[in-house]
Every structure is written in C-alpha cells, then in structure tokens.
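Colleague: entry_11.txt (compact mmCIF, C-alpha atoms) pasted underneath:
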# COMPACT_ATOMS: atom_id res chain seq x y z
CA MET S 1 8.22 4.85 -21.31
CA THR S 2 5.48 3.47 -19.04
CA PRO S 3 5.61 4.98 -15.55
CA VAL S 4 6.19 2.64 -12.62
CA LEU S 5 3.33 4.35 -10.77
CA GLU S 6 0.70 6.60 -12.26
CA MET S 7 -2.46 8.29 -11.08
CA LYS S 8 -5.01 9.54 -13.60
CA ASN S 9 -7.70 11.89 -12.32
CA ALA S 10 -7.62 10.02 -9.01
CA SER S 11 -9.74 11.09 -6.07
CA ILE S 12 -10.35 9.49 -2.71
CA SER S 13 -12.84 10.27 0.02
CA LEU S 14 -12.76 8.76 3.49
CA ASN S 15 -15.59 9.18 5.98
CA LYS S 16 -17.34 11.48 3.48
CA LYS S 17 -14.30 13.82 3.44
CA LEU S 18 -12.53 14.47 0.14
CA ILE S 19 -8.82 13.84 0.75
CA ILE S 20 -7.38 13.81 -2.79
CA ASP S 21 -9.22 15.48 -5.65
CA ASN S 22 -8.60 14.68 -9.33
CA MET S 23 -4.84 14.15 -8.95
CA ASN S 24 -2.51 13.21 -11.80
CA LEU S 25 0.97 11.89 -11.11
CA LYS S 26 3.65 9.90 -12.95
CA ILE S 27 6.64 8.27 -11.27
CA GLN S 28 9.28 6.80 -13.56
CA GLU S 29 11.64 3.91 -12.82
CA HIS S 30 14.61 4.89 -10.59
CA GLU S 31 12.89 8.15 -9.67
CA SER S 32 12.67 9.10 -5.99
CA VAL S 33 9.69 11.13 -4.87
CA VAL S 34 9.09 12.95 -1.60
CA PHE S 35 5.69 14.17 -0.42
CA ILE S 36 5.92 17.05 2.04
CA GLY S 37 3.01 18.83 3.68
CA PRO S 38 1.22 19.59 6.92
CA SER S 39 -0.10 16.94 9.26
CA GLY S 40 -3.48 15.73 8.02
CA GLY S 41 -2.78 16.93 4.49
CA GLY S 42 -3.25 13.51 2.87
CA LYS S 43 0.35 12.34 2.37
CA THR S 44 -0.13 8.94 4.00
CA ILE S 45 -3.44 8.41 2.18
CA LEU S 46 -1.65 9.24 -1.09
CA LEU S 47 1.06 6.66 -0.38
CA LYS S 48 -1.52 4.01 0.51
CA LEU S 49 -3.41 4.83 -2.67
CA LEU S 50 -0.25 4.44 -4.75
CA ALA S 51 0.58 1.15 -2.99
CA GLY S 52 -2.84 -0.32 -3.72
CA ILE S 53 -3.88 -0.42 -0.07
CA TYR S 54 -6.72 2.02 -0.79
CA SER S 55 -8.71 2.22 -4.01
CA PRO S 56 -9.62 5.59 -5.50
CA THR S 57 -13.25 6.66 -5.30
CA ALA S 58 -12.77 8.12 -8.79
CA GLY S 59 -10.03 7.86 -11.40
CA ASP S 60 -7.34 5.22 -11.68
CA VAL S 61 -4.01 4.17 -10.16
CA PHE S 62 -1.60 2.13 -12.29
CA ILE S 63 1.51 0.11 -11.50
CA ASN S 64 3.70 -0.71 -14.51
CA GLY S 65 0.78 0.24 -16.76
CA GLU S 66 -1.70 -2.09 -15.06
CA ASN S 67 -4.69 -0.76 -13.13
CA TRP S 68 -4.31 -1.66 -9.42
CA HIS S 69 -8.09 -2.18 -9.27
CA ASP S 70 -7.95 -4.95 -11.89
CA ILE S 71 -4.99 -6.84 -10.37
CA THR S 72 -5.65 -9.67 -7.93
CA GLY S 73 -4.05 -12.62 -6.21
CA GLU S 74 -0.43 -13.61 -6.58
CA HIS S 75 0.22 -11.06 -9.34
CA LYS S 76 -0.88 -8.20 -7.06
CA HIS S 77 1.24 -9.63 -4.28
CA ASP S 78 4.32 -9.83 -6.56
CA LEU S 79 3.88 -6.24 -7.74
CA ALA S 80 3.37 -4.95 -4.19
CA LYS S 81 6.67 -6.55 -3.12
CA LYS S 82 8.45 -4.21 -5.55
CA LEU S 83 7.18 -1.08 -3.77
CA GLY S 84 8.77 0.55 -0.76
CA MET S 85 7.53 3.30 1.52
CA LEU S 86 9.30 5.06 4.33
CA PHE S 87 7.27 6.95 6.90
CA GLN S 88 8.65 9.70 9.12
CA GLN S 89 7.51 7.71 12.14
CA GLY S 90 6.57 4.05 12.43
CA ALA S 91 3.16 3.55 10.91
CA LEU S 92 0.56 0.81 10.82
CA PHE S 93 -1.86 0.11 8.01
CA ASP S 94 -5.08 1.78 9.18
CA PRO S 95 -7.57 -0.66 7.63
CA LEU S 96 -5.82 -3.68 9.19
CA THR S 97 -6.13 -5.05 12.72
CA VAL S 98 -3.08 -5.31 14.96
CA ILE S 99 -2.60 -9.00 14.16
CA GLU S 100 -3.00 -8.29 10.42
CA ASN S 101 -0.31 -5.57 10.66
CA VAL S 102 2.06 -8.00 12.40
CA ALA S 103 1.29 -10.76 9.88
CA PHE S 104 1.74 -8.48 6.87
CA PRO S 105 5.55 -8.68 6.55
CA ILE S 106 5.52 -12.40 7.35
CA ARG S 107 3.14 -12.99 4.45
CA GLU S 108 5.23 -10.74 2.21
CA HIS S 109 8.59 -12.39 2.85
CA TYR S 110 7.83 -16.04 3.58
CA ASN S 111 5.79 -18.61 1.72
CA LEU S 112 4.04 -20.07 4.76
CA PRO S 113 0.60 -21.55 5.31
CA GLU S 114 -1.82 -19.07 6.84
CA GLU S 115 -2.00 -21.02 10.11
CA GLU S 116 1.77 -20.68 10.53
CA VAL S 117 1.67 -16.97 9.64
CA LEU S 118 -0.91 -16.39 12.37
CA ALA S 119 0.96 -18.55 14.90
CA LYS S 120 4.17 -16.58 14.32
CA SER S 121 2.25 -13.29 14.50
CA TYR S 122 0.65 -14.15 17.84
CA ALA S 123 4.01 -15.34 19.19
CA LEU S 124 5.58 -11.99 18.26
CA LEU S 125 2.74 -10.08 19.92
CA GLU S 126 3.17 -12.14 23.09
CA LYS S 127 6.82 -11.01 23.27
CA VAL S 128 5.74 -7.36 23.54
CA ASN S 129 2.75 -7.91 25.82
Take the structure from the file and write it as structure tokens.
Modeller:
Amino acid sequence: MTPVLEMKNASISLNKKLIIDNMNLKIQEHESVVFIGPSGGGKTILLKLLAGIYSPTAGDVFINGENWHDITGEHKHDLAKKLGMLFQQGALFDPLTVIENVAFPIREHYNLPEEEVLAKSYALLEKVN
C-alpha cells in the first residue's frame, strides 16, 4: 500500500543550520501522527516539509506516491487541500507575508480571481487594524 505521505532520506537546512537530517517516515491512510519535542526541535519545519511548503535540501517527500517537488499547478493545489495540520498555537506560514497568509485560505476554499482574493484579504486585515 502506497503511503499517503512519505519521506525518503530527507534533510532540510535553513539559514545554514541543519534542521532535519536524513529522515525516513511513512504515514498510511487513516493514520494519525503526533510530533512531540522541545521548542526549536524542528516539528513545525517537519510539518511544512510534509505539506510541501518547504522543499528538502536532500532526499524526497512524496504525497500519494508522487514527489512533491515534481508536482505543480492545480494538481499540487488539489493534493494540498487533502492535508490538515493542527498547531498547538495559531501559526502563520513563515515564508509568506501577512497578506499572503490571510489570502491563503481564501485561495484554498474559493475559486476567485486573484484581484478578488486580494481585495477580500485587505478588507479582513482592515477589520483587525
């Protein structure tokens, strides 16, 4: 059975610091996984790697047997919609700007033109100004 998510010899470095080194992992359909560890231990980076937000600096990450690195466009978007992550505290996507973080769920759940996505995002930000 092909795992839903799989890492093969995956490593990632950020700011010249090795965060995950040569990790192998298989997650099967209907399996729940919990990552527990100290603050700064790489749990969030691992989740973002599995979700395709970050790419490994070495090795591979697969979703349903397909390499995240090779998937693009609408197909990547459709696969990403099937993933869910729950953080202990509210979290933003580090590589995205504030407006990109606000626009992210709008893009994910509504088929809107980009201009409308941005207009809605700015309107939401104005409400919390």
Colleague: Which residues are near stretch 92-106 of chain S? Cut-off 8 Å, all atoms listed in the file, ignore same chain within fewer than 5 positions. Put them as a list in words.
Modeller: Val117, Leu118, Lys120, Ser121, Tyr122, Leu124 and Leu125 of chain S
Colleague: Choose the residue, out of S:Ser11, S:His69, S:Ile19, S:Pro56, that has the smallest atom-to-atom separation from S:Thr44; count only C-alpha atoms.
Modeller: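 Looking only at the distances to S:Thr44, the closest residue turns out to be S:Ile19.
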Colleague: Please identify every residue of stretch 60-124 of chain S that has at least one atom no farther than 12 Å from an atom of stretch 24-31 of chain S, counting only C-alpha atoms, and for each give the shortest atom pair and the distance in Å to one decimal, arranged by chain then increasing number, as a tab-separated table.
Modeller:
residue	atom	partner	partner_atom	distance
S:Asp60	CA	S:Asn24	CA	9.3
S:Val61	CA	S:Leu25	CA	9.2
S:Phe62	CA	S:Lys26	CA	9.4
S:Ile63	CA	S:Ile27	CA	9.6
S:Asn64	CA	S:Glu29	CA	9.3
S:Gly65	CA	S:Lys26	CA	10.8
S:Lys82	CA	S:Glu29	CA	11.4
S:Leu83	CA	S:Glu29	CA	11.3
Colleague: So the first atom is atom CA of S:Thr2 and the second is atom CA of S:Ala51; what is the distance between them in Å, to one decimal place?
Modeller: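 Computing the Euclidean distance for atom CA of S:Thr2 and atom CA of S:Ala51 yields 16.9 Å.
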Colleague: Could you check the closest approach to S:Leu14 for each of S:Asn111, S:Asn67, S:Ser55, S:Thr72 and tell me which residue wins, using all atoms listed in the file?
Modeller: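 Comparing S:Asn111, S:Asn67, S:Ser55, S:Thr72 against S:Leu14, the winner is S:Ser55.
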Colleague: Please indicate the distance in Å from atom CA of S:Lys48 to atom CA of S:Pro113, rounded to one decimal place.
Modeller: 26.1 Å
Colleague: What is the distance, in Å and to one decimal place, between atom CA of S:Lys17 and atom CA of S:Val33?
Modeller: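 Distance between the two atoms: 25.5 Å.
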Colleague: What would the list of residues within 12 Å of (-1.4, 9.5, -1.6) (file frame) look like as a ChimeraX atom specification, if all atoms listed in the file are what count?
Modeller: /S:5-7,10-13,19-25,33-37,40-56,61,85
Colleague: Just checking: using all atoms listed in the file, which residue out of S:Ala58, S:Arg107, S:Glu66, S:Lys127 ends up closest to S:Lys81?
Modeller: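 Between S:Ala58, S:Arg107, S:Glu66, S:Lys127, the residue approaching S:Lys81 most closely is S:Arg107.
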